[in-house]
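Shown next: structure_29.tsv, given as TSV, C-alpha atoms.
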chain	number	residue	atom	x	y	z
A	107	MET	CA	1.84	53.73	16.45
A	108	SER	CA	2.80	52.46	19.92
A	109	THR	CA	6.45	52.03	20.81
A	110	SER	CA	5.70	49.50	23.56
A	111	PRO	CA	7.62	46.20	23.83
A	112	MET	CA	4.92	44.70	21.59
A	113	ASN	CA	5.52	47.12	18.75
A	114	ARG	CA	5.88	46.33	15.08
A	115	THR	CA	9.66	45.98	15.14
A	116	THR	CA	10.29	43.88	18.26
A	117	THR	CA	7.32	41.53	18.57
A	118	PRO	CA	8.49	37.88	18.27
A	119	GLY	CA	7.72	36.42	14.87
A	120	ARG	CA	7.28	39.88	13.34
A	121	GLY	CA	10.82	40.76	12.43
A	122	ASP	CA	12.93	39.83	15.46
A	123	PRO	CA	15.42	37.12	14.36
A	124	ALA	CA	16.07	36.26	18.02
A	125	CYS	CA	12.45	35.16	18.44
A	126	PRO	CA	11.57	32.76	15.61
A	127	ALA	CA	8.05	31.58	14.91
A	128	VAL	CA	6.79	28.79	17.16
A	129	ASP	CA	6.85	25.26	15.74
A	130	TRP	CA	3.39	24.11	14.65
A	131	GLU	CA	3.12	21.19	17.08
A	132	ARG	CA	4.46	23.32	19.93
A	133	ALA	CA	1.86	26.01	19.17
A	134	GLY	CA	-0.93	23.50	19.80
A	135	GLU	CA	0.72	22.40	23.04
A	136	LEU	CA	0.95	26.02	24.21
A	137	ALA	CA	-2.72	26.54	23.42
A	138	ARG	CA	-3.66	23.55	25.60
A	139	GLU	CA	-1.31	24.59	28.39
A	140	SER	CA	-2.71	28.13	28.42
A	141	ALA	CA	-6.18	26.77	29.12
A	142	GLY	CA	-5.24	25.49	32.56
A	143	PRO	CA	-7.73	23.07	34.18
A	144	PRO	CA	-11.10	22.52	32.50
A	145	LEU	CA	-13.93	24.87	33.35
A	146	PRO	CA	-16.10	23.92	36.38
A	147	ALA	CA	-18.67	21.14	36.26
A	148	VAL	CA	-22.35	21.91	35.84
A	149	THR	CA	-25.42	19.66	35.71
A	150	ARG	CA	-27.50	19.64	32.55
A	151	GLY	CA	-30.55	17.79	31.31
A	152	LEU	CA	-29.77	15.27	28.58
A	153	ALA	CA	-30.72	17.52	25.66
A	154	GLU	CA	-28.80	20.48	27.12
A	155	ALA	CA	-25.68	18.33	27.70
A	156	LEU	CA	-25.16	17.73	23.99
A	157	GLY	CA	-21.71	18.92	22.89
A	158	HIS	CA	-20.35	19.22	26.43
A	159	ALA	CA	-17.67	16.95	27.91
A	160	LEU	CA	-18.44	14.55	30.74
A	161	ALA	CA	-17.08	15.92	34.02
A	162	ALA	CA	-17.19	12.47	35.65
A	163	PRO	CA	-17.21	8.89	34.36
A	164	LEU	CA	-20.60	7.72	33.13
A	165	ARG	CA	-21.49	4.80	35.41
A	166	ALA	CA	-24.41	2.48	34.79
A	167	LEU	CA	-27.33	3.10	37.14
A	168	THR	CA	-28.79	-0.32	36.26
A	169	ASP	CA	-27.93	-3.61	34.66
A	170	LEU	CA	-28.36	-3.56	30.89
A	171	PRO	CA	-30.54	-5.28	29.95
A	172	PRO	CA	-32.25	-4.81	33.32
A	173	PHE	CA	-33.85	-8.27	32.98
A	174	ASP	CA	-33.67	-11.21	30.58
A	175	THR	CA	-35.27	-10.13	27.30
A	176	SER	CA	-36.24	-11.81	24.07
A	177	ALA	CA	-33.93	-11.18	21.13
A	178	MET	CA	-36.55	-12.30	18.58
A	179	ASP	CA	-40.27	-12.55	17.92
A	180	GLY	CA	-41.44	-16.11	18.64
A	181	TRP	CA	-42.25	-18.24	21.68
A	182	ALA	CA	-40.69	-18.41	25.10
A	183	VAL	CA	-40.39	-22.13	25.83
A	184	ALA	CA	-39.69	-24.05	29.02
A	185	GLY	CA	-37.63	-27.24	28.76
A	186	PRO	CA	-37.57	-29.61	25.76
A	187	GLY	CA	-40.46	-29.70	23.30
A	188	PRO	CA	-43.02	-30.19	22.09
A	189	TRP	CA	-44.71	-27.50	24.20
A	190	ARG	CA	-48.29	-26.64	25.00
A	191	PRO	CA	-48.88	-22.97	24.11
A	192	ARG	CA	-50.33	-20.76	26.80
A	193	ALA	CA	-53.07	-18.29	25.95
A	194	GLY	CA	-52.09	-14.69	25.30
A	195	GLY	CA	-48.56	-13.43	24.84
A	196	VAL	CA	-45.82	-11.26	26.30
A	197	LEU	CA	-45.16	-7.79	24.89
A	198	ALA	CA	-42.39	-5.31	25.69
A	199	GLY	CA	-43.24	-3.36	28.82
A	200	GLU	CA	-45.20	-6.19	30.46
A	201	GLU	CA	-44.31	-8.32	33.48
A	202	PRO	CA	-45.09	-11.94	32.55
A	203	GLY	CA	-46.01	-14.70	34.93
A	204	PRO	CA	-43.80	-17.78	35.28
A	205	LEU	CA	-43.73	-20.48	32.64
A	206	GLY	CA	-44.17	-24.13	33.66
A	207	ALA	CA	-42.15	-26.99	32.17
A	208	GLY	CA	-43.37	-28.14	28.79
A	209	THR	CA	-45.28	-24.92	28.08
A	210	ALA	CA	-44.73	-21.95	25.76
A	211	VAL	CA	-46.04	-18.44	25.31
A	212	ARG	CA	-45.80	-16.04	22.39
A	213	ILE	CA	-43.24	-13.31	22.99
A	214	ALA	CA	-42.19	-10.11	21.19
A	215	THR	CA	-38.68	-8.81	20.65
A	216	GLY	CA	-37.54	-6.86	23.73
A	217	ALA	CA	-40.18	-8.34	26.02
A	218	PRO	CA	-39.16	-9.76	29.44
A	219	VAL	CA	-38.59	-13.50	29.35
A	220	PRO	CA	-40.88	-15.31	31.82
A	221	ALA	CA	-39.31	-17.04	34.77
A	222	GLY	CA	-38.84	-20.72	33.98
A	223	ALA	CA	-38.26	-20.16	30.24
A	224	SER	CA	-35.18	-21.89	28.88
A	225	ALA	CA	-35.03	-20.41	25.36
A	226	VAL	CA	-36.85	-18.35	22.76
A	227	LEU	CA	-37.99	-20.28	19.72
A	228	ARG	CA	-38.00	-18.01	16.67
A	229	ARG	CA	-41.34	-17.59	14.96
A	230	GLU	CA	-40.06	-19.11	11.74
A	231	HIS	CA	-38.79	-22.19	13.58
A	232	GLY	CA	-42.07	-22.98	15.40
A	233	GLU	CA	-45.19	-24.73	14.15
A	234	ILE	CA	-48.40	-25.63	16.02
A	235	GLU	CA	-49.68	-29.04	14.94
A	236	GLU	CA	-53.43	-28.96	14.28
A	237	SER	CA	-54.03	-32.47	15.56
A	238	THR	CA	-52.43	-32.04	18.95
A	239	GLY	CA	-52.30	-28.27	19.41
A	240	LEU	CA	-48.66	-28.63	20.47
A	241	LEU	CA	-45.81	-26.35	19.42
A	242	SER	CA	-42.91	-28.13	17.69
A	243	GLU	CA	-39.53	-26.84	16.52
A	244	HIS	CA	-38.34	-27.15	12.89
A	245	PRO	CA	-35.56	-28.04	12.46
A	246	ALA	CA	-35.16	-30.00	15.64
A	247	GLY	CA	-32.62	-28.73	18.16
A	248	THR	CA	-33.06	-25.02	17.51
A	249	ALA	CA	-34.44	-24.23	20.99
A	250	VAL	CA	-31.21	-25.00	22.85
A	251	PRO	CA	-31.05	-23.48	26.34
A	252	GLY	CA	-30.30	-19.74	26.26
A	253	ARG	CA	-31.00	-19.38	22.54
A	254	ASP	CA	-32.18	-15.86	21.57
A	255	ILE	CA	-32.36	-14.66	25.16
A	256	ARG	CA	-30.47	-11.47	26.02
A	257	PRO	CA	-29.42	-12.17	29.60
A	258	ARG	CA	-29.67	-9.55	32.29
A	259	GLY	CA	-26.43	-7.54	32.52
A	260	GLN	CA	-25.14	-8.72	29.13
A	261	GLU	CA	-24.05	-5.16	28.23
A	262	CYS	CA	-23.15	-3.89	31.69
A	263	ARG	CA	-23.73	-4.28	35.40
A	264	THR	CA	-24.78	-1.55	37.81
A	265	ASP	CA	-21.89	0.87	38.52
A	266	ASP	CA	-19.82	-0.28	35.53
A	267	VAL	CA	-17.93	2.62	33.91
A	268	LEU	CA	-19.54	3.04	30.50
A	269	LEU	CA	-17.55	6.10	29.35
A	270	PRO	CA	-14.61	7.98	30.90
A	271	ALA	CA	-14.64	11.61	31.99
A	272	GLY	CA	-13.73	13.90	29.09
A	273	THR	CA	-15.90	12.07	26.57
A	274	THR	CA	-17.80	14.44	24.30
A	275	VAL	CA	-21.55	14.10	24.71
A	276	THR	CA	-22.85	13.15	21.27
A	277	ALA	CA	-26.29	11.93	20.26
A	278	ARG	CA	-24.98	8.38	20.73
A	279	VAL	CA	-23.79	9.18	24.25
A	280	LEU	CA	-27.22	10.63	25.08
A	281	GLY	CA	-28.83	7.39	23.98
A	282	LEU	CA	-26.52	5.33	26.17
A	283	ALA	CA	-27.00	7.65	29.14
A	284	ALA	CA	-30.78	7.44	28.84
A	285	ALA	CA	-30.66	3.64	28.56
A	286	ALA	CA	-28.46	3.53	31.67
A	287	GLY	CA	-31.04	5.52	33.67
A	288	TYR	CA	-29.81	9.14	33.51
A	289	ASP	CA	-32.02	12.22	33.37
A	290	ARG	CA	-29.16	14.71	33.93
A	291	LEU	CA	-25.42	14.64	33.38
A	292	ALA	CA	-22.45	16.27	35.11
A	293	VAL	CA	-20.54	18.06	32.34
A	294	HIS	CA	-17.96	20.82	32.08
A	295	ARG	CA	-19.21	24.29	31.33
A	296	ARG	CA	-18.68	25.28	27.73
A	297	PRO	CA	-16.18	28.11	27.22
A	298	THR	CA	-17.86	31.32	26.08
A	299	VAL	CA	-16.42	32.96	22.97
A	300	GLU	CA	-16.77	36.47	21.57
A	301	LEU	CA	-15.97	36.65	17.86
A	302	LEU	CA	-14.62	40.00	16.65
A	303	VAL	CA	-14.46	40.32	12.85
A	304	LEU	CA	-12.08	43.16	12.01
A	305	GLY	CA	-12.01	45.22	8.83
A	306	ASP	CA	-13.72	48.11	7.04
A	307	GLU	CA	-13.53	46.25	3.73
A	308	LEU	CA	-16.08	43.59	4.69
A	309	LEU	CA	-19.68	43.34	3.51
A	310	ASP	CA	-22.46	41.42	5.25
A	311	SER	CA	-24.63	40.82	2.20
A	312	GLY	CA	-24.58	40.70	-1.59
A	313	PRO	CA	-21.64	40.15	-3.93
A	314	PRO	CA	-18.29	41.97	-3.58
A	315	ARG	CA	-18.41	45.53	-4.92
A	316	ASN	CA	-16.69	48.89	-4.81
A	317	GLY	CA	-13.42	47.37	-3.62
A	318	ARG	CA	-15.08	45.57	-0.70
A	319	VAL	CA	-15.46	41.83	-0.16
A	320	ARG	CA	-17.91	39.60	1.70
A	321	ASP	CA	-17.21	38.53	5.25
A	322	ALA	CA	-16.66	34.78	4.84
A	323	LEU	CA	-15.20	34.14	8.27
A	324	GLY	CA	-18.20	35.18	10.37
A	325	PRO	CA	-20.48	32.56	8.78
A	326	LEU	CA	-17.66	29.98	8.66
A	327	LEU	CA	-16.30	30.29	12.19
A	328	ALA	CA	-19.52	30.56	14.22
A	329	PRO	CA	-20.66	26.94	13.66
A	330	TRP	CA	-17.06	25.71	13.73
A	331	LEU	CA	-16.58	27.14	17.22
A	332	ARG	CA	-19.83	25.61	18.45
A	333	ASP	CA	-18.78	22.26	16.99
A	334	SER	CA	-15.52	22.60	18.93
A	335	GLY	CA	-17.38	22.86	22.22
A	336	ALA	CA	-17.73	26.63	22.57
A	337	GLU	CA	-20.73	28.75	23.52
A	338	LEU	CA	-20.72	31.63	21.04
A	339	GLY	CA	-21.97	34.59	23.01
A	340	CYS	CA	-21.48	37.42	20.54
A	341	ARG	CA	-20.27	38.00	17.00
A	342	ARG	CA	-19.66	41.59	15.95
A	343	ARG	CA	-17.78	43.71	13.48
A	344	ILE	CA	-14.99	46.05	14.60
A	345	PRO	CA	-13.85	48.87	12.27
A	346	ASP	CA	-10.22	49.56	11.38
A	347	ASP	CA	-9.81	51.88	14.34
A	348	PRO	CA	-7.62	51.11	17.37
A	349	ALA	CA	-9.97	52.72	19.92
A	350	PRO	CA	-13.00	50.43	19.44
A	351	LEU	CA	-10.68	47.41	19.27
A	352	ARG	CA	-9.06	48.33	22.58
A	353	ALA	CA	-12.48	48.83	24.14
A	354	ALA	CA	-13.72	45.47	22.84
A	355	LEU	CA	-10.71	43.63	24.28
A	356	ARG	CA	-10.98	45.46	27.61
A	357	ASP	CA	-14.73	45.00	28.08
A	358	SER	CA	-15.29	41.46	26.83
A	359	THR	CA	-16.51	39.04	29.49
A	360	ALA	CA	-15.99	35.91	27.35
A	361	ASP	CA	-13.55	33.17	28.34
A	362	VAL	CA	-11.99	33.46	24.87
A	363	VAL	CA	-11.95	36.39	22.45
A	364	LEU	CA	-11.40	35.37	18.84
A	365	THR	CA	-10.37	38.00	16.31
A	366	THR	CA	-10.02	37.76	12.53
A	367	GLY	CA	-7.50	39.91	10.73
A	368	SER	CA	-5.04	42.55	11.94
A	369	THR	CA	-2.39	40.02	13.07
A	370	ALA	CA	0.29	41.11	10.57
A	371	ALA	CA	2.10	44.46	10.19
A	372	GLY	CA	-0.07	46.29	7.66
A	373	PRO	CA	-1.13	49.94	7.92
A	374	VAL	CA	-4.40	49.11	9.70
A	375	ASP	CA	-3.23	46.07	11.68
A	376	PHE	CA	-3.83	47.39	15.19
A	377	LEU	CA	-4.19	44.15	17.15
A	378	HIS	CA	-0.68	44.03	18.63
A	379	ASP	CA	-0.89	47.64	19.77
A	380	ALA	CA	-4.35	47.07	21.23
A	381	LEU	CA	-3.08	44.05	23.16
A	382	ALA	CA	-0.17	46.07	24.54
A	383	ALA	CA	-2.51	48.91	25.55
A	384	THR	CA	-4.80	46.54	27.46
A	385	GLY	CA	-1.97	44.83	29.34
A	386	ALA	CA	-2.19	41.50	27.50
A	387	ARG	CA	0.66	38.99	27.55
A	388	LEU	CA	1.62	37.30	24.28
A	389	LEU	CA	1.96	33.52	24.51
A	390	VAL	CA	2.34	32.75	20.78
A	391	ASP	CA	3.18	35.36	18.17
A	392	SER	CA	3.53	33.72	14.76
A	393	VAL	CA	3.68	30.00	14.02
A	394	ALA	CA	5.88	28.19	11.50
A	395	VAL	CA	2.93	27.05	9.40
A	396	ARG	CA	1.53	27.93	5.96
A	397	PRO	CA	-0.99	29.31	5.51
A	398	GLY	CA	-1.68	31.19	8.72
A	399	HIS	CA	1.75	31.93	10.15
A	400	PRO	CA	0.84	35.39	11.62
A	401	MET	CA	-1.65	33.85	14.09
A	402	LEU	CA	-1.28	34.67	17.78
A	403	LEU	CA	-2.37	33.66	21.27
A	404	ALA	CA	-2.47	36.06	24.23
A	405	ALA	CA	-3.51	36.11	27.87
A	406	LEU	CA	-5.83	39.06	28.47
A	407	PRO	CA	-6.17	40.69	31.90
A	408	PRO	CA	-8.63	38.71	34.06
A	409	ALA	CA	-12.34	39.52	33.99
A	410	SER	CA	-13.86	41.58	36.80
A	411	ASP	CA	-14.80	38.38	38.64
A	412	GLY	CA	-11.22	37.10	38.39
A	413	ARG	CA	-11.79	34.60	35.57
A	414	PRO	CA	-8.85	34.16	33.18
A	415	ARG	CA	-9.41	35.43	29.64
A	416	LEU	CA	-7.55	34.39	26.49
A	417	LEU	CA	-7.41	35.72	22.96
A	418	VAL	CA	-6.75	33.90	19.70
A	419	GLY	CA	-5.87	36.18	16.80
A	420	LEU	CA	-6.55	34.66	13.38
A	421	PRO	CA	-5.20	36.02	10.09
A	422	GLY	CA	-7.75	37.66	7.82
A	423	ASN	CA	-7.29	35.41	4.77
A	424	PRO	CA	-9.95	32.67	4.96
A	425	LEU	CA	-7.81	29.52	4.65
A	426	ALA	CA	-5.14	31.09	6.84
A	427	ALA	CA	-7.82	31.78	9.47
A	428	VAL	CA	-8.89	28.13	9.32
A	429	ALA	CA	-5.27	27.12	9.87
A	430	GLY	CA	-5.20	29.32	12.96
A	431	THR	CA	-8.48	27.84	14.14
A	432	VAL	CA	-7.28	24.23	14.05
A	433	THR	CA	-3.82	25.14	15.38
A	434	LEU	CA	-4.73	27.36	18.35
A	435	ALA	CA	-8.47	27.86	18.84
A	436	VAL	CA	-9.71	24.26	18.69
A	437	PRO	CA	-7.09	22.81	21.08
A	438	LEU	CA	-7.67	25.69	23.50
A	439	LEU	CA	-11.46	25.43	23.47
A	440	ARG	CA	-11.50	21.67	23.80
A	441	ARG	CA	-9.12	21.73	26.76
A	442	LEU	CA	-11.16	24.48	28.47
A	443	GLY	CA	-14.31	22.41	27.92
A	444	GLY	CA	-12.71	19.29	29.40
A	445	HIS	CA	-12.71	17.23	26.20
A	446	THR	CA	-10.22	14.40	25.84
A	447	ASP	CA	-7.75	14.81	22.98
A	448	ALA	CA	-8.51	12.51	20.06
A	449	GLU	CA	-5.88	10.14	18.73
A	450	PRO	CA	-4.17	11.57	15.61
A	451	LEU	CA	-5.64	10.32	12.34
A	452	ARG	CA	-2.93	9.02	10.03
A	453	THR	CA	-3.32	7.77	6.49
A	454	ALA	CA	-1.31	7.25	3.33
A	455	ALA	CA	-0.83	10.04	0.82
A	456	ALA	CA	-2.62	9.05	-2.40
A	457	ALA	CA	-0.37	11.45	-4.32
A	458	ALA	CA	2.61	13.63	-3.49
A	459	LEU	CA	1.64	16.40	-1.07
A	460	PRO	CA	3.59	19.59	-1.76
A	461	GLY	CA	5.14	21.29	1.26
A	462	HIS	CA	6.76	24.57	2.24
A	463	PRO	CA	10.59	24.69	2.24
A	464	ARG	CA	10.85	25.50	5.97
A	465	ASP	CA	7.42	25.44	7.62
A	466	THR	CA	4.64	22.93	8.21
A	467	ARG	CA	1.87	23.20	5.64
A	468	LEU	CA	-1.82	22.54	6.25
A	469	LEU	CA	-3.20	21.28	2.95
A	470	PRO	CA	-6.89	20.62	2.13
A	471	VAL	CA	-7.29	16.95	1.19
A	472	ARG	CA	-10.00	14.44	0.52
A	473	ARG	CA	-9.63	10.94	1.90
A	474	THR	CA	-10.14	8.17	-0.65
A	475	ASP	CA	-9.68	4.40	-0.58
A	476	ARG	CA	-6.10	5.06	-1.69
A	477	GLY	CA	-5.41	7.69	0.96
A	478	ALA	CA	-5.39	11.49	1.20
A	479	ARG	CA	-5.54	13.30	-2.11
A	480	PRO	CA	-4.63	17.01	-2.37
A	481	LEU	CA	-7.24	19.43	-3.69
A	482	PRO	CA	-6.76	22.48	-5.91
A	483	PHE	CA	-7.60	26.05	-4.84
A	484	ASP	CA	-5.53	25.86	-1.67
A	485	GLY	CA	-4.22	29.44	-1.50
A	486	PRO	CA	-4.43	31.41	1.78
A	487	ALA	CA	-7.31	33.56	0.50
A	488	MET	CA	-9.27	30.64	-1.01
A	489	LEU	CA	-12.09	28.52	0.37
A	490	ARG	CA	-13.04	26.44	-2.66
A	491	GLY	CA	-10.60	23.64	-1.90
A	492	LEU	CA	-11.56	23.65	1.77
A	493	ALA	CA	-15.27	23.36	0.93
A	494	CYS	CA	-14.55	20.09	-0.93
A	495	ALA	CA	-12.14	18.74	1.71
A	496	ASP	CA	-12.77	16.40	4.62
A	497	GLY	CA	-9.43	17.08	6.29
A	498	LEU	CA	-6.25	19.13	6.44
A	499	ALA	CA	-3.06	17.17	5.85
A	500	VAL	CA	-0.20	18.16	8.16
A	501	VAL	CA	2.61	18.30	5.60
A	502	PRO	CA	6.13	18.64	7.05
A	503	PRO	CA	8.71	20.95	5.43
A	504	GLY	CA	9.67	19.69	1.99
A	505	GLY	CA	6.44	17.77	1.34
A	506	VAL	CA	5.29	14.14	1.53
A	507	ASP	CA	5.87	11.49	-1.14
A	508	ALA	CA	3.00	9.42	-2.52
A	509	GLY	CA	2.42	6.38	-0.32
A	510	ALA	CA	4.02	7.92	2.77
A	511	THR	CA	2.03	8.30	6.00
A	512	VAL	CA	0.62	11.71	6.85
A	513	GLU	CA	-1.47	13.09	9.71
A	514	VAL	CA	-4.87	14.46	8.70
A	515	LEU	CA	-6.82	16.89	10.88
A	516	PRO	CA	-10.58	16.28	10.61
A	517	LEU	CA	-12.69	19.28	9.70
A	518	SER	CA	-15.65	20.61	11.63
A	519	ALA	CA	-19.01	19.05	10.84
A	520	GLY	CA	-20.68	22.42	11.38

Any chance you could put this one into structure tokens?
Amino acid sequence: MSTSPMNRTTTPGRGDPACPAVDWERAGELARESAGPPLPAVTRGLAEALGHALAAPLRALTDLPPFDTSAMDGWAVAGPGPWRPRAGGVLAGEEPGPLGAGTAVRIATGAPVPAGASAVLRREHGEIEESTGLLSEHPAGTAVPGRDIRPRGQECRTDDVLLPAGTTVTARVLGLAAAAGYDRLAVHRRPTVELLVLGDELLDSGPPRNGRVRDALGPLLAPWLRDSGAELGCRRRIPDDPAPLRAALRDSTADVVLTTGSTAAGPVDFLHDALAATGARLLVDSVAVRPGHPMLLAALPPASDGRPRLLVGLPGNPLAAVAGTVTLAVPLLRRLGGHTDAEPLRTAAAAALPGHPRDTRLLPVRRTDRGARPLPFDGPAMLRGLACADGLAVVPPGGVDAGATVEVLPLSAG
């Protein structure tokens, strides 16, 4: 074993009483601070921009609606009735001619309103009298000026800021951008991530056997990282051997290297020694949170092109690894990708939420109409509770009483 300053007996959080574990909230702050400024802006087509963060405010390129449009199927009418219907009709996508006083024309929802029209008379409120051929309104007074017309610019005017920089590009944002006239968007580059799954005991297929267990974290983390704004470049297994681990850390070109396992002080936990051997600088080494306290964050030597590189080390137990993901990896990746931090979600505790005597606890919960309810199977090596959860309650030391307010971290939709 190495006897470097990062060795098993002097690394902060791993036995040195002078260097206690980092507070849970502070750990997230350090992860964001370590990211530095967001990654550079790039231009992407709408479909390719999905999941990125806007690098500039989204400004309207047109008025919305771009012209007065009909809000209903019916007749465009000019002035007070009754009206003489004009032949034909106006459909969406057409440019209608002007409408003279006392006349009407059939119109479809979304179609441009003819110049001179004062209102749209809904289909169910209009009736053409056989004797006169005139269109009347029933009941009277329904075609008041402006009725069922969406005026030009009702939603926005050209150059209005629709969304601020830092907004995550979702399917809904793509729809708004397209409506506002965009074909391409300026977004921040996604951080690239290399996922290193450590351990000789892991299987890639079939049930556990011969003392070995299935790799649950590879399938779990890959979509979670993508959902957090990352570009997963590579996922590979690393054996319990310090040499290949050192080589992987040295040679990775990813913005962030994410490892699972080997963060504690067991006989095959080589991560701290590998970090020391590659010249890494520890930023967080153990966090006062359960599960997941032996997580870590380190600054790796820059890439050959000078780009900064960071490493998040997750514990090997599945729920503990998830705790490390939401504590360090997600804040880091979102800040690198330029995403704005979401407002904390707070809700009542539907039942007492048990806590740890000294540390913050991240507890799988399900939100109900009465608040957050704790779920069973919440041990560090378990995933059953997490699979049924829609959030992780941030339980302070000592626990939370029923009815008290608690912060809940949303879980990845991946």

- Using only C-alpha atoms, pick whichever of A:Leu269, A:Ala508, A:Ala427, A:Ala487 has the shortest atom-to-atom distance to A:Ala456.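 Going through A:Leu269, A:Ala508, A:Ala427, A:Ala487 one by one, the smallest distance to A:Ala456 is for A:Ala508.
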
Taking all atoms of stretch 289-307 of chain A that appear in the file, build a box with edges along x, y and z, extend it by 4 Å on every side, and state its centre and edge lengths in Å to one decimal, as AutoDock Vina command-line options.
--center_x -22.0 --center_y 30.2 --center_z 19.4 --size_x 28.0 --size_y 43.9 --size_z 39.4

- Compile the contact shell of A:Thr298 as a PyMOL selection string: residues with an atom at most 8 Å away, counting all atoms listed in the file, same-chain residues fewer than 5 positions apart removed. chain A and resi 336-339+360-362

May I have the residues from that selection written out with C-alpha atoms, as a PDB file, keeping the file's coordinate frame?
ATOM      1  CA  ALA A 336     -17.730  26.630  22.570  1.00  0.00           C
ATOM      2  CA  GLU A 337     -20.730  28.750  23.520  1.00  0.00           C
ATOM      3  CA  LEU A 338     -20.720  31.630  21.040  1.00  0.00           C
ATOM      4  CA  GLY A 339     -21.970  34.590  23.010  1.00  0.00           C
ATOM      5  CA  ALA A 360     -15.990  35.910  27.350  1.00  0.00           C
ATOM      6  CA  ASP A 361     -13.550  33.170  28.340  1.00  0.00           C
ATOM      7  CA  VAL A 362     -11.990  33.460  24.870  1.00  0.00           C
TER       8      VAL A 362
END

- Point out the residue among A:Val500, A:Val183, A:Leu291, A:Leu377 with the least atom-to-atom distance to A:Ala147, counting only C-alpha atoms.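 Once distances to A:Ala147 are computed over only C-alpha atoms, the minimum belongs to A:Leu291.
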
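Distances here use all atoms listed in the file; by that measure, the residue among A:Leu403, A:Ala214, A:Ala429, A:Ala457 closest to A:Thr511 is A:Ala457.
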
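Going from atom CA of A:Arg356 over to atom CA of A:Gly385, you cover 9.2 Å.
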
- By how many Å are atom CA of A:Asp465 and atom CA of A:Leu492 apart?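 Atom-to-atom, atom CA of A:Asp465 and atom CA of A:Leu492 are spaced 19.9 Å apart.
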
- Item | Atom-to-atom span, atom CA of A:Ala223 and atom CA of A:Glu236, Å |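 Computed distance, atom CA of A:Ala223 to atom CA of A:Glu236, equals 23.7 Å.
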
List the neighbours of A:Arg263 out to 12 Å using only C-alpha atoms; skip same-chain residues closer than 5 positions along the sequence, and give me the result as a CSV table (one decimal) with C-alpha atoms, in the frame of the given file.
chain,number,residue,atom,x,y,z
A,165,ARG,CA,-21.5,4.8,35.4
A,166,ALA,CA,-24.4,2.5,34.8
A,167,LEU,CA,-27.3,3.1,37.1
A,168,THR,CA,-28.8,-0.3,36.3
A,169,ASP,CA,-27.9,-3.6,34.7
A,170,LEU,CA,-28.4,-3.6,30.9
A,171,PRO,CA,-30.5,-5.3,30.0
A,172,PRO,CA,-32.2,-4.8,33.3
A,173,PHE,CA,-33.8,-8.3,33.0
A,257,PRO,CA,-29.4,-12.2,29.6
A,258,ARG,CA,-29.7,-9.6,32.3
A,268,LEU,CA,-19.5,3.0,30.5
A,286,ALA,CA,-28.5,3.5,31.7

- Message: My list of candidates is A:Pro421, A:Arg228, A:Arg387, A:Gly208. Which is closest to A:Asp375 when distances are computed with only C-alpha atoms?
- Response: A:Pro421

- Task: In the coordinate frame of the file, compute which residues have an atom within 10 Å of (-24.4, 20.6, 31.1) when using only C-alpha atoms, and state them as a PyMOL selection string.
- Result: chain A and resi 147-161+275+290-296

- Task: Up to 10 Å from (-7.1, 22.7, 22.8) in the file's coordinates: name the residues, counting all atoms listed in the file, as a list in words.
- Result: Gly134, Glu135, Leu136, Ala137, Arg138, Glu139, Ser140, Ala141, Ser334, Val432, Thr433, Leu434, Ala435, Val436, Pro437, Leu438, Leu439, Arg440, Arg441, Leu442, Gly443, Gly444, His445, Thr446 and Asp447 of chain A

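Omitting stretch 199-202 of chain A and its sequence neighbours fewer than 6 positions away, and counting only C-alpha atoms, the residues within 9 Å are A:Gly216, A:Ala217, A:Pro218, A:Val219, A:Pro220, A:Ala221.
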
For A:Arg192, please output as an mmCIF file with C-alpha atoms, in the coordinates of the input all residues within 9 Å (counting all atoms listed in the file; exclusion window: fewer than 2 positions along the same chain).
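The result, stored in result.cif:
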data_model
loop_
_atom_site.group_PDB
_atom_site.id
_atom_site.type_symbol
_atom_site.label_atom_id
_atom_site.label_comp_id
_atom_site.auth_asym_id
_atom_site.auth_seq_id
_atom_site.Cartn_x
_atom_site.Cartn_y
_atom_site.Cartn_z
ATOM 1 C CA ARG A 190 -48.290 -26.640 25.000
ATOM 2 C CA GLY A 194 -52.090 -14.690 25.300
ATOM 3 C CA GLY A 195 -48.560 -13.430 24.840
ATOM 4 C CA LEU A 205 -43.730 -20.480 32.640
ATOM 5 C CA THR A 209 -45.280 -24.920 28.080
ATOM 6 C CA ALA A 210 -44.730 -21.950 25.760
ATOM 7 C CA VAL A 211 -46.040 -18.440 25.310
ATOM 8 C CA ARG A 212 -45.800 -16.040 22.390
#

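Each of A:Ala225, A:Val514, A:Ala207, A:Val471 was compared to A:Thr248 using only C-alpha atoms, and A:Ala225 turns out to be the nearest.
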
- Closest to A:Arg318 among A:Thr466, A:Asp306, A:Glu243, A:Ala495, using all atoms listed in the file? A:Asp306

- Query: What lies within 12 Å of A:Leu517 using all atoms listed in the file, ignoring chain neighbours under 6 positions off, as a list in words?
  - Reply: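 Those residues are Leu326, Leu327, Pro329, Trp330, Leu331, Asp333, Ser334, Val428, Ala429, Thr431, Val432, Val436, Leu451, Leu468, Leu469, Pro470, Val471, Arg472, Arg473, Leu492, Ala493, Cys494, Ala495, Asp496, Gly497, Leu498 and Ala499 of chain A.
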